[in-house]
$ cat query-v2.tsv   # TSV, C-alpha atoms
chain	number	residue	atom	x	y	z
A	106	MET	CA	118.98	208.39	105.96
A	107	ASN	CA	115.40	208.22	104.75
A	108	ARG	CA	114.76	204.83	103.23
A	109	PRO	CA	112.81	204.75	99.98
A	110	ARG	CA	109.72	202.55	99.81
A	111	SER	CA	110.19	199.17	98.23
A	112	ILE	CA	109.35	199.04	94.52
A	113	VAL	CA	110.54	197.51	91.27
A	114	PRO	CA	111.33	200.57	89.14
A	115	PRO	CA	111.03	200.51	85.34
A	116	ARG	CA	114.22	200.35	83.29
A	117	SER	CA	114.00	204.10	82.71
A	118	PHE	CA	114.63	204.61	86.43
A	119	VAL	CA	117.25	201.92	87.10
A	120	ALA	CA	119.81	200.65	84.63
A	121	HIS	CA	119.70	197.01	83.60
A	122	GLY	CA	122.02	194.95	85.79
A	123	LEU	CA	124.89	196.33	87.81
A	124	ALA	CA	126.68	199.54	87.04
A	125	ALA	CA	130.41	199.40	86.54
A	126	PRO	CA	132.23	199.63	89.89
A	127	VAL	CA	133.76	202.95	90.82
A	128	ALA	CA	137.45	202.75	91.70
A	129	GLY	CA	137.94	202.94	95.46
A	130	ALA	CA	134.22	202.85	96.20
A	131	ALA	CA	132.68	200.25	98.45
A	132	GLY	CA	130.47	197.74	96.65
A	133	PRO	CA	126.91	196.94	97.67
A	134	SER	CA	126.41	195.19	100.98
A	135	LEU	CA	123.19	194.39	102.78
A	136	SER	CA	123.12	195.10	106.52
A	137	ASN	CA	120.73	193.75	109.11
A	138	HIS	CA	118.84	196.59	110.80
A	139	GLY	CA	117.10	194.45	113.38
A	140	GLY	CA	113.77	193.73	111.77
A	141	PRO	CA	112.24	190.31	111.08
A	142	VAL	CA	112.65	187.94	108.17
A	143	ILE	CA	110.20	185.34	106.89
A	144	GLY	CA	111.62	181.95	107.76
A	145	SER	CA	109.44	179.58	105.76
A	146	VAL	CA	107.36	181.64	103.38
A	147	GLU	CA	103.79	180.61	102.64
A	148	VAL	CA	102.71	182.41	99.48
A	149	VAL	CA	99.02	183.12	98.86
A	150	PRO	CA	98.49	184.27	95.25
A	151	ILE	CA	95.38	186.44	94.93
A	152	TYR	CA	94.09	187.10	91.42
A	153	TRP	CA	91.79	190.11	91.69
A	154	GLY	CA	89.27	190.77	88.93
A	155	ALA	CA	87.15	188.76	86.52
A	156	ALA	CA	89.84	188.98	83.81
A	157	TRP	CA	91.88	186.35	85.66
A	158	SER	CA	89.25	183.78	84.68
A	159	ASP	CA	89.13	184.56	80.97
A	160	ALA	CA	90.72	182.54	78.18
A	161	THR	CA	93.87	184.67	78.12
A	162	ASN	CA	94.64	185.23	81.77
A	163	GLY	CA	93.19	182.12	83.38
A	164	PRO	CA	96.08	180.00	82.04
A	165	ILE	CA	98.60	182.65	83.18
A	166	SER	CA	97.29	182.47	86.75
A	167	THR	CA	97.64	178.68	86.70
A	168	GLN	CA	101.22	179.05	85.46
A	169	LEU	CA	101.95	181.55	88.25
A	170	ASP	CA	100.70	179.01	90.79
A	171	SER	CA	103.16	176.50	89.35
A	172	PHE	CA	105.91	179.12	89.46
A	173	PHE	CA	105.43	179.58	93.20
A	174	ASP	CA	105.38	175.81	93.74
A	175	PHE	CA	108.77	175.71	92.05
A	176	ILE	CA	110.46	178.85	93.30
A	177	THR	CA	109.71	178.39	97.01
A	178	THR	CA	111.79	175.18	97.06
A	179	SER	CA	114.46	176.30	94.59
A	180	SER	CA	118.11	177.33	94.80
A	181	LEU	CA	116.94	180.96	95.06
A	182	MET	CA	115.59	180.17	98.54
A	183	ASP	CA	118.89	178.45	99.34
A	184	LEU	CA	120.69	181.70	98.46
A	185	LEU	CA	118.45	183.62	100.89
A	186	ALA	CA	119.61	181.39	103.74
A	187	GLU	CA	122.62	183.66	104.21
A	188	TYR	CA	120.23	186.37	105.42
A	189	GLY	CA	118.59	184.28	108.12
A	190	THR	CA	118.81	185.54	111.70
A	191	SER	CA	119.71	183.76	114.91
A	192	SER	CA	116.02	183.46	115.75
A	193	THR	CA	114.67	182.84	112.24
A	194	PRO	CA	116.68	180.84	109.71
A	195	ILE	CA	115.44	181.19	106.13
A	196	GLY	CA	114.54	177.92	104.45
A	197	HIS	CA	112.21	176.58	101.83
A	198	GLY	CA	108.58	177.57	101.76
A	199	LYS	CA	105.43	176.65	99.87
A	200	ARG	CA	102.43	178.00	98.05
A	201	LEU	CA	99.11	177.86	99.82
A	202	GLN	CA	95.82	177.65	97.94
A	203	SER	CA	95.51	180.51	95.48
A	204	VAL	CA	92.40	182.70	95.53
A	205	ARG	CA	90.50	184.17	92.60
A	206	ILE	CA	88.40	187.22	93.45
A	207	THR	CA	85.91	187.47	90.60
A	208	ASP	CA	82.99	189.18	92.34
A	209	SER	CA	84.73	192.57	92.61
A	210	GLU	CA	87.18	194.66	90.64
A	211	PRO	CA	90.14	196.57	92.07
A	212	GLY	CA	89.86	200.31	92.61
A	213	SER	CA	87.57	202.64	90.78
A	214	SER	CA	87.15	204.35	87.43
A	215	THR	CA	88.70	207.78	86.96
A	216	ALA	CA	89.11	210.17	84.04
A	217	ALA	CA	92.53	208.60	83.49
A	218	GLY	CA	91.19	205.03	83.63
A	219	SER	CA	90.83	202.40	86.36
A	220	GLN	CA	93.16	202.74	89.32
A	221	VAL	CA	93.56	201.29	92.78
A	222	THR	CA	95.50	202.75	95.69
A	223	ASP	CA	97.66	200.95	98.20
A	224	ALA	CA	95.18	201.96	100.91
A	225	GLN	CA	92.37	200.28	98.97
A	226	ILE	CA	94.49	197.13	98.61
A	227	GLN	CA	95.14	197.09	102.36
A	228	SER	CA	91.41	197.46	103.06
A	229	ALA	CA	90.54	194.69	100.62
A	230	LEU	CA	93.12	192.37	102.16
A	231	ALA	CA	91.79	193.05	105.66
A	232	ALA	CA	88.24	192.27	104.52
A	233	TRP	CA	89.27	189.05	102.77
A	234	ILE	CA	91.21	187.90	105.83
A	235	ALA	CA	88.34	188.72	108.19
A	236	ALA	CA	85.84	186.87	105.97
A	237	GLY	CA	88.08	183.82	105.57
A	238	THR	CA	88.26	184.38	101.82
A	239	VAL	CA	92.05	184.08	102.06
A	240	PRO	CA	94.09	182.15	104.64
A	241	ALA	CA	94.65	183.79	108.01
A	242	THR	CA	97.87	185.71	108.59
A	243	THR	CA	100.83	184.04	110.28
A	244	GLU	CA	104.46	185.12	110.59
A	245	ASN	CA	105.16	183.24	107.33
A	246	THR	CA	102.20	184.39	105.23
A	247	LEU	CA	102.92	186.49	102.17
A	248	TYR	CA	99.98	187.59	100.05
A	249	PHE	CA	100.66	188.28	96.35
A	250	VAL	CA	97.96	190.49	94.82
A	251	TYR	CA	97.86	190.31	91.03
A	252	LEU	CA	95.93	193.09	89.32
A	253	PRO	CA	94.06	192.63	86.02
A	254	PRO	CA	94.81	194.39	82.73
A	255	GLY	CA	94.01	198.07	82.50
A	256	VAL	CA	94.31	198.86	86.21
A	257	VAL	CA	96.96	201.29	87.47
A	258	VAL	CA	98.12	200.94	91.07
A	259	VAL	CA	99.10	204.09	92.99
A	260	ASP	CA	101.33	203.49	95.98
A	261	SER	CA	101.35	205.46	99.24
A	262	ASN	CA	103.79	207.99	97.75
A	263	GLY	CA	101.60	208.67	94.73
A	264	ASP	CA	103.81	206.72	92.33
A	265	ARG	CA	102.00	204.86	89.57
A	266	SER	CA	102.55	201.50	87.93
A	267	CYS	CA	104.27	201.64	84.54
A	268	SER	CA	105.32	205.25	85.23
A	269	GLN	CA	107.40	204.87	88.39
A	270	LEU	CA	107.01	201.24	89.43
A	271	CYS	CA	106.53	197.72	88.11
A	272	GLY	CA	105.64	196.16	91.47
A	273	TYR	CA	106.18	196.57	95.20
A	274	HIS	CA	105.85	194.91	98.59
A	275	ASN	CA	104.63	196.37	101.84
A	276	ASN	CA	103.51	195.59	105.37
A	277	ASN	CA	100.38	196.62	107.22
A	278	GLY	CA	100.47	195.73	110.89
A	279	GLY	CA	102.13	192.37	110.33
A	280	VAL	CA	100.23	191.59	107.12
A	281	TYR	CA	102.94	191.10	104.51
A	282	TYR	CA	101.95	191.55	100.87
A	283	ALA	CA	103.24	192.23	97.38
A	284	VAL	CA	101.37	193.92	94.54
A	285	ILE	CA	102.04	192.91	90.95
A	286	PRO	CA	100.29	195.11	88.36
A	287	TYR	CA	99.62	193.83	84.85
A	288	VAL	CA	102.76	195.56	83.58
A	289	ASN	CA	102.58	194.99	79.83
A	290	CYS	CA	104.13	198.43	79.34
A	291	PRO	CA	107.48	199.84	78.14
A	292	GLY	CA	110.10	199.83	80.89
A	293	CYS	CA	108.51	196.88	82.70
A	294	VAL	CA	107.67	194.23	80.11
A	295	LEU	CA	110.50	191.90	79.13
A	296	PRO	CA	111.01	190.15	75.78
A	297	GLY	CA	109.25	186.82	75.35
A	298	ASP	CA	106.08	185.53	76.91
A	299	PHE	CA	104.27	187.85	79.31
A	300	LEU	CA	104.60	185.13	81.96
A	301	ASP	CA	108.35	185.87	81.97
A	302	THR	CA	107.70	189.48	82.97
A	303	LEU	CA	105.37	188.43	85.78
A	304	THR	CA	107.73	185.78	87.18
A	305	GLU	CA	110.73	188.13	86.98
A	306	VAL	CA	108.94	190.90	88.87
A	307	SER	CA	107.41	188.39	91.30
A	308	SER	CA	110.80	186.84	92.14
A	309	HIS	CA	112.17	190.32	92.89
A	310	GLU	CA	109.34	191.00	95.33
A	311	LEU	CA	109.38	187.52	96.83
A	312	CYS	CA	113.04	187.74	97.82
A	313	GLU	CA	112.71	191.28	99.14
A	314	ALA	CA	109.61	190.46	101.17
A	315	ILE	CA	111.35	187.45	102.74
A	316	THR	CA	114.50	189.37	103.69
A	317	ASP	CA	112.90	192.75	104.47
A	318	PRO	CA	109.19	192.23	105.19
A	319	THR	CA	108.73	195.34	107.35
A	320	LEU	CA	111.30	197.47	105.47
A	321	ASN	CA	113.68	197.55	108.43
A	322	THR	CA	115.77	194.37	108.06
A	323	TRP	CA	118.23	193.71	105.22
A	324	TRP	CA	119.16	196.69	103.03
A	325	ASP	CA	122.20	198.64	101.92
A	326	ASP	CA	123.12	201.58	104.17
A	327	ASN	CA	124.59	203.66	101.33
A	328	THR	CA	121.63	203.46	98.97
A	329	GLY	CA	118.65	202.05	100.86
A	330	ASN	CA	118.49	199.27	98.24
A	331	GLU	CA	117.08	195.88	99.11
A	332	ILE	CA	118.32	192.52	97.85
A	333	GLY	CA	116.49	192.80	94.54
A	334	ASP	CA	117.07	196.50	93.88
A	335	ILE	CA	120.81	196.02	93.53
A	336	CYS	CA	120.26	193.55	90.68
A	337	ASN	CA	117.14	195.17	89.24
A	338	GLN	CA	116.02	193.50	85.97
A	339	ASP	CA	119.16	191.37	85.73
A	340	ALA	CA	117.29	188.24	84.68
A	341	ALA	CA	118.27	184.59	84.45
A	342	ARG	CA	116.48	181.34	83.69
A	343	LEU	CA	115.97	179.09	86.72
A	344	GLY	CA	114.40	175.84	85.65
A	345	PRO	CA	111.59	176.79	83.25
A	346	TYR	CA	111.08	180.26	84.72
A	347	LEU	CA	112.64	183.68	84.21
A	348	VAL	CA	113.65	185.16	87.54
A	349	GLN	CA	115.64	188.13	88.71
A	350	THR	CA	119.05	187.53	90.20
A	351	GLU	CA	119.46	188.65	93.83
A	352	TRP	CA	122.38	190.19	95.67
A	353	SER	CA	124.58	187.80	97.66
A	354	ASN	CA	126.85	189.35	100.27
A	355	ARG	CA	128.86	186.13	100.41
A	356	GLN	CA	129.46	186.07	96.68
A	357	SER	CA	129.66	189.86	96.20
A	358	SER	CA	127.53	189.46	93.10
A	359	CYS	CA	124.05	188.90	91.76
A	360	ALA	CA	123.16	185.20	91.80
A	361	ILE	CA	120.34	182.67	91.67
A	362	ALA	CA	121.97	180.07	93.93
A	363	PRO	CA	124.39	179.96	96.84
A	364	ALA	CA	128.09	179.55	96.16
A	365	ALA	CA	129.22	176.03	95.38
A	366	GLY	CA	131.25	174.18	97.96
A	367	PRO	CA	131.21	174.09	101.77
$ encode --input "query-v2.tsv" --output "structure tokens"
Amino acid sequence: MNRPRSIVPPRSFVAHGLAAPVAGAAGPSLSNHGGPVIGSVEVVPIYWGAAWSDATNGPISTQLDSFFDFITTSSLMDLLAEYGTSSTPIGHGKRLQSVRITDSEPGSSTAAGSQVTDAQIQSALAAWIAAGTVPATTENTLYFVYLPPGVVVVDSNGDRSCSQLCGYHNNNGGVYYAVIPYVNCPGCVLPGDFLDTLTEVSSHELCEAITDPTLNTWWDDNTGNEIGDICNQDAARLGPYLVQTEWSNRQSSCAIAPAAGP
């Protein structure tokens, strides 16, 4: 089958939570297709654009840093351990120093407004890595690119943020990255503080990037869905943060922690 690219769709594209099971039909199950996993993730948050230093968004970026400090050593990482491989067990990770890019803005202005393409994001990442602006790439590095308000991202298939996607992760020659637009739009934004929307989408992409960084590791053969797609926008509070639940093969359900007991 042709696998779809990895995105977080808006609610208009995927129903909230799990659909009711169909009698006699097999439930979701992630299969290992031979690709790598990230064993001990090292997240590099990148806040691109001057808006991330203003009075509104500067505090949000600081809160996102704290979110990654928390989530990379949380029970959600313990759940992912079931998807480790014989060569790479999945354990806790950490956040590396975050980076604020304030001397450039993502993409370019168009008649429809500011937009940035996935190709432009890949080029920017390559330049930042080469210049030492962001930490060098290792097998555990995962860059999270946060876009400022008013910028639409267009992925490699031509799909646009807030219309067809709320976020996505990708790989470019061993450079693993996720892109989180400023999705304060219907279908993506969740009730409550905007931080909740960003942490929920970020947790979806974090878990998918760890278990399927090159889009050829853990996914469901019947649908092409990754660990987060199955539970899309089924949110739960983990500590102080809103996160998305993730599919557990062992528990046959969406969860935020491994099953209790041995």
$ atom_distance --input "query-v2.tsv" --atom1 "CA of His274 in chain A" --atom2 "CA of Val306 in chain A"
11.0 Å
$ atom_distance --input "query-v2.tsv" --atom1 "CA of Glu210 in chain A" --atom2 "CA of Trp157 in chain A"
10.8 Å
$ atom_distance --input "query-v2.tsv" --atom1 "CA of Glu147 in chain A" --atom2 "CA of Trp352 in chain A"
22.0 Å
$ residues_around --input "query-v2.tsv" --residues "Asp325 in chain A" --least-positions-apart "5" --cutoff "12 Å" --atoms "all atoms listed in the file" --output "PyMOL selection string"
chain A and resi 106+108-109+131-138+317+320+330-335+352-354
$ residues_around --input "query-v2.tsv" --residues "His309 in chain A" --least-positions-apart "3" --cutoff "8 Å" --atoms "all atoms listed in the file" --output "list in words"
Val113, Glu305, Val306, Cys312, Glu313, Gly333, Asp334, Asn337, Val348, Gln349, Thr350 and Glu351 of chain A
$ write_last_selection --input "query-v2.tsv" --atoms "C-alpha atoms" --output "PDB file, in the coordinates of the input"
ATOM      1  CA  VAL A 113     110.540 197.510  91.270  1.00  0.00           C
ATOM      2  CA  GLU A 305     110.730 188.130  86.980  1.00  0.00           C
ATOM      3  CA  VAL A 306     108.940 190.900  88.870  1.00  0.00           C
ATOM      4  CA  CYS A 312     113.040 187.740  97.820  1.00  0.00           C
ATOM      5  CA  GLU A 313     112.710 191.280  99.140  1.00  0.00           C
ATOM      6  CA  GLY A 333     116.490 192.800  94.540  1.00  0.00           C
ATOM      7  CA  ASP A 334     117.070 196.500  93.880  1.00  0.00           C
ATOM      8  CA  ASN A 337     117.140 195.170  89.240  1.00  0.00           C
ATOM      9  CA  VAL A 348     113.650 185.160  87.540  1.00  0.00           C
ATOM     10  CA  GLN A 349     115.640 188.130  88.710  1.00  0.00           C
ATOM     11  CA  THR A 350     119.050 187.530  90.200  1.00  0.00           C
ATOM     12  CA  GLU A 351     119.460 188.650  93.830  1.00  0.00           C
TER      13      GLU A 351
END
$ closest_residue --input "query-v2.tsv" --among "A:Ala340, A:Val280, A:Ala365, A:Leu201" --to "Glu244 in chain A" --atoms "all atoms listed in the file"
A:Val280
$ residues_near_point --input "query-v2.tsv" --point "(97.3, 201.1, 91.7)" --cutoff "6 Å" --atoms "all atoms listed in the file" --output "PyMOL selection string"
chain A and resi 220-222+257-259
$ closest_residue --input "query-v2.tsv" --among "A:Thr242, A:Asp326, A:Asp208, A:Gln338" --to "Leu230 in chain A" --atoms "only C-alpha atoms"
A:Thr242
$ closest_residue --input "query-v2.tsv" --among "A:Val148, A:Val250, A:Ala160, A:Cys271" --to "Gln227 in chain A" --atoms "all atoms listed in the file"
A:Val250
$ decode --input "query-v2.tsv" --residues "range 292-321 of chain A" --atoms "N, CA and C atoms" --output "PDB file, in the first residue's frame"
ATOM      1  N   GLY A 292     -10.696  23.380  14.143  1.00  0.00           N
ATOM      2  CA  GLY A 292     -10.259  22.055  13.736  1.00  0.00           C
ATOM      3  C   GLY A 292      -8.947  21.651  14.347  1.00  0.00           C
ATOM      4  N   CYS A 293      -8.144  22.626  14.783  1.00  0.00           N
ATOM      5  CA  CYS A 293      -6.853  22.331  15.407  1.00  0.00           C
ATOM      6  C   CYS A 293      -6.808  22.805  16.856  1.00  0.00           C
ATOM      7  N   VAL A 294      -7.299  24.025  17.106  1.00  0.00           N
ATOM      8  CA  VAL A 294      -7.215  24.576  18.453  1.00  0.00           C
ATOM      9  C   VAL A 294      -8.156  23.825  19.389  1.00  0.00           C
ATOM     10  N   LEU A 295      -7.686  23.592  20.606  1.00  0.00           N
ATOM     11  CA  LEU A 295      -8.466  22.898  21.621  1.00  0.00           C
ATOM     12  C   LEU A 295      -8.966  23.909  22.654  1.00  0.00           C
ATOM     13  N   PRO A 296     -10.007  23.569  23.411  1.00  0.00           N
ATOM     14  CA  PRO A 296     -10.482  24.483  24.447  1.00  0.00           C
ATOM     15  C   PRO A 296      -9.391  24.743  25.483  1.00  0.00           C
ATOM     16  N   GLY A 297      -9.442  25.890  26.121  1.00  0.00           N
ATOM     17  CA  GLY A 297      -8.480  26.211  27.160  1.00  0.00           C
ATOM     18  C   GLY A 297      -7.353  27.082  26.647  1.00  0.00           C
ATOM     19  N   ASP A 298      -6.264  27.094  27.386  1.00  0.00           N
ATOM     20  CA  ASP A 298      -5.112  27.888  27.005  1.00  0.00           C
ATOM     21  C   ASP A 298      -4.513  27.377  25.699  1.00  0.00           C
ATOM     22  N   PHE A 299      -3.958  28.306  24.906  1.00  0.00           N
ATOM     23  CA  PHE A 299      -3.350  27.901  23.640  1.00  0.00           C
ATOM     24  C   PHE A 299      -2.172  26.962  23.860  1.00  0.00           C
ATOM     25  N   LEU A 300      -1.519  27.059  25.017  1.00  0.00           N
ATOM     26  CA  LEU A 300      -0.435  26.121  25.323  1.00  0.00           C
ATOM     27  C   LEU A 300      -0.926  24.685  25.240  1.00  0.00           C
ATOM     28  N   ASP A 301      -2.179  24.434  25.665  1.00  0.00           N
ATOM     29  CA  ASP A 301      -2.716  23.070  25.614  1.00  0.00           C
ATOM     30  C   ASP A 301      -2.749  22.537  24.184  1.00  0.00           C
ATOM     31  N   THR A 302      -3.130  23.372  23.240  1.00  0.00           N
ATOM     32  CA  THR A 302      -3.138  22.951  21.839  1.00  0.00           C
ATOM     33  C   THR A 302      -1.732  22.594  21.389  1.00  0.00           C
ATOM     34  N   LEU A 303      -0.759  23.438  21.714  1.00  0.00           N
ATOM     35  CA  LEU A 303       0.614  23.198  21.265  1.00  0.00           C
ATOM     36  C   LEU A 303       1.212  21.950  21.905  1.00  0.00           C
ATOM     37  N   THR A 304       0.941  21.706  23.196  1.00  0.00           N
ATOM     38  CA  THR A 304       1.501  20.505  23.823  1.00  0.00           C
ATOM     39  C   THR A 304       0.805  19.244  23.321  1.00  0.00           C
ATOM     40  N   GLU A 305      -0.496  19.339  23.048  1.00  0.00           N
ATOM     41  CA  GLU A 305      -1.213  18.162  22.530  1.00  0.00           C
ATOM     42  C   GLU A 305      -0.690  17.772  21.156  1.00  0.00           C
ATOM     43  N   VAL A 306      -0.548  18.735  20.263  1.00  0.00           N
ATOM     44  CA  VAL A 306      -0.021  18.449  18.927  1.00  0.00           C
ATOM     45  C   VAL A 306       1.437  18.009  19.017  1.00  0.00           C
ATOM     46  N   SER A 307       2.207  18.651  19.879  1.00  0.00           N
ATOM     47  CA  SER A 307       3.622  18.303  20.017  1.00  0.00           C
ATOM     48  C   SER A 307       3.814  16.884  20.544  1.00  0.00           C
ATOM     49  N   SER A 308       2.969  16.462  21.490  1.00  0.00           N
ATOM     50  CA  SER A 308       3.099  15.096  22.021  1.00  0.00           C
ATOM     51  C   SER A 308       2.788  14.066  20.948  1.00  0.00           C
ATOM     52  N   HIS A 309       1.803  14.351  20.102  1.00  0.00           N
ATOM     53  CA  HIS A 309       1.484  13.484  18.963  1.00  0.00           C
ATOM     54  C   HIS A 309       2.719  13.298  18.098  1.00  0.00           C
ATOM     55  N   GLU A 310       3.347  14.409  17.711  1.00  0.00           N
ATOM     56  CA  GLU A 310       4.497  14.324  16.815  1.00  0.00           C
ATOM     57  C   GLU A 310       5.727  13.754  17.495  1.00  0.00           C
ATOM     58  N   LEU A 311       5.904  14.030  18.765  1.00  0.00           N
ATOM     59  CA  LEU A 311       7.036  13.478  19.495  1.00  0.00           C
ATOM     60  C   LEU A 311       7.003  11.960  19.487  1.00  0.00           C
ATOM     61  N   CYS A 312       5.848  11.389  19.831  1.00  0.00           N
ATOM     62  CA  CYS A 312       5.746   9.929  19.913  1.00  0.00           C
ATOM     63  C   CYS A 312       5.853   9.281  18.535  1.00  0.00           C
ATOM     64  N   GLU A 313       5.298   9.919  17.522  1.00  0.00           N
ATOM     65  CA  GLU A 313       5.409   9.360  16.172  1.00  0.00           C
ATOM     66  C   GLU A 313       6.835   9.441  15.650  1.00  0.00           C
ATOM     67  N   ALA A 314       7.519  10.548  15.930  1.00  0.00           N
ATOM     68  CA  ALA A 314       8.893  10.683  15.453  1.00  0.00           C
ATOM     69  C   ALA A 314       9.818   9.686  16.142  1.00  0.00           C
ATOM     70  N   ILE A 315       9.568   9.381  17.402  1.00  0.00           N
ATOM     71  CA  ILE A 315      10.393   8.405  18.117  1.00  0.00           C
ATOM     72  C   ILE A 315      10.177   7.006  17.565  1.00  0.00           C
ATOM     73  N   THR A 316       8.936   6.631  17.293  1.00  0.00           N
ATOM     74  CA  THR A 316       8.627   5.264  16.874  1.00  0.00           C
ATOM     75  C   THR A 316       8.633   5.068  15.361  1.00  0.00           C
ATOM     76  N   ASP A 317       8.681   6.159  14.600  1.00  0.00           N
ATOM     77  CA  ASP A 317       8.643   6.048  13.136  1.00  0.00           C
ATOM     78  C   ASP A 317       9.391   7.229  12.494  1.00  0.00           C
ATOM     79  N   PRO A 318      10.662   7.418  12.846  1.00  0.00           N
ATOM     80  CA  PRO A 318      11.355   8.638  12.416  1.00  0.00           C
ATOM     81  C   PRO A 318      11.562   8.757  10.918  1.00  0.00           C
ATOM     82  N   THR A 319      11.691   7.637  10.219  1.00  0.00           N
ATOM     83  CA  THR A 319      11.897   7.682   8.765  1.00  0.00           C
ATOM     84  C   THR A 319      10.672   7.199   7.993  1.00  0.00           C
ATOM     85  N   LEU A 320       9.542   7.080   8.705  1.00  0.00           N
ATOM     86  CA  LEU A 320       8.262   6.680   8.101  1.00  0.00           C
ATOM     87  C   LEU A 320       8.281   5.261   7.555  1.00  0.00           C
ATOM     88  N   ASN A 321       9.142   4.424   8.108  1.00  0.00           N
ATOM     89  CA  ASN A 321       9.156   3.016   7.676  1.00  0.00           C
ATOM     90  C   ASN A 321       9.402   2.078   8.855  1.00  0.00           C
TER      91      ASN A 321
END
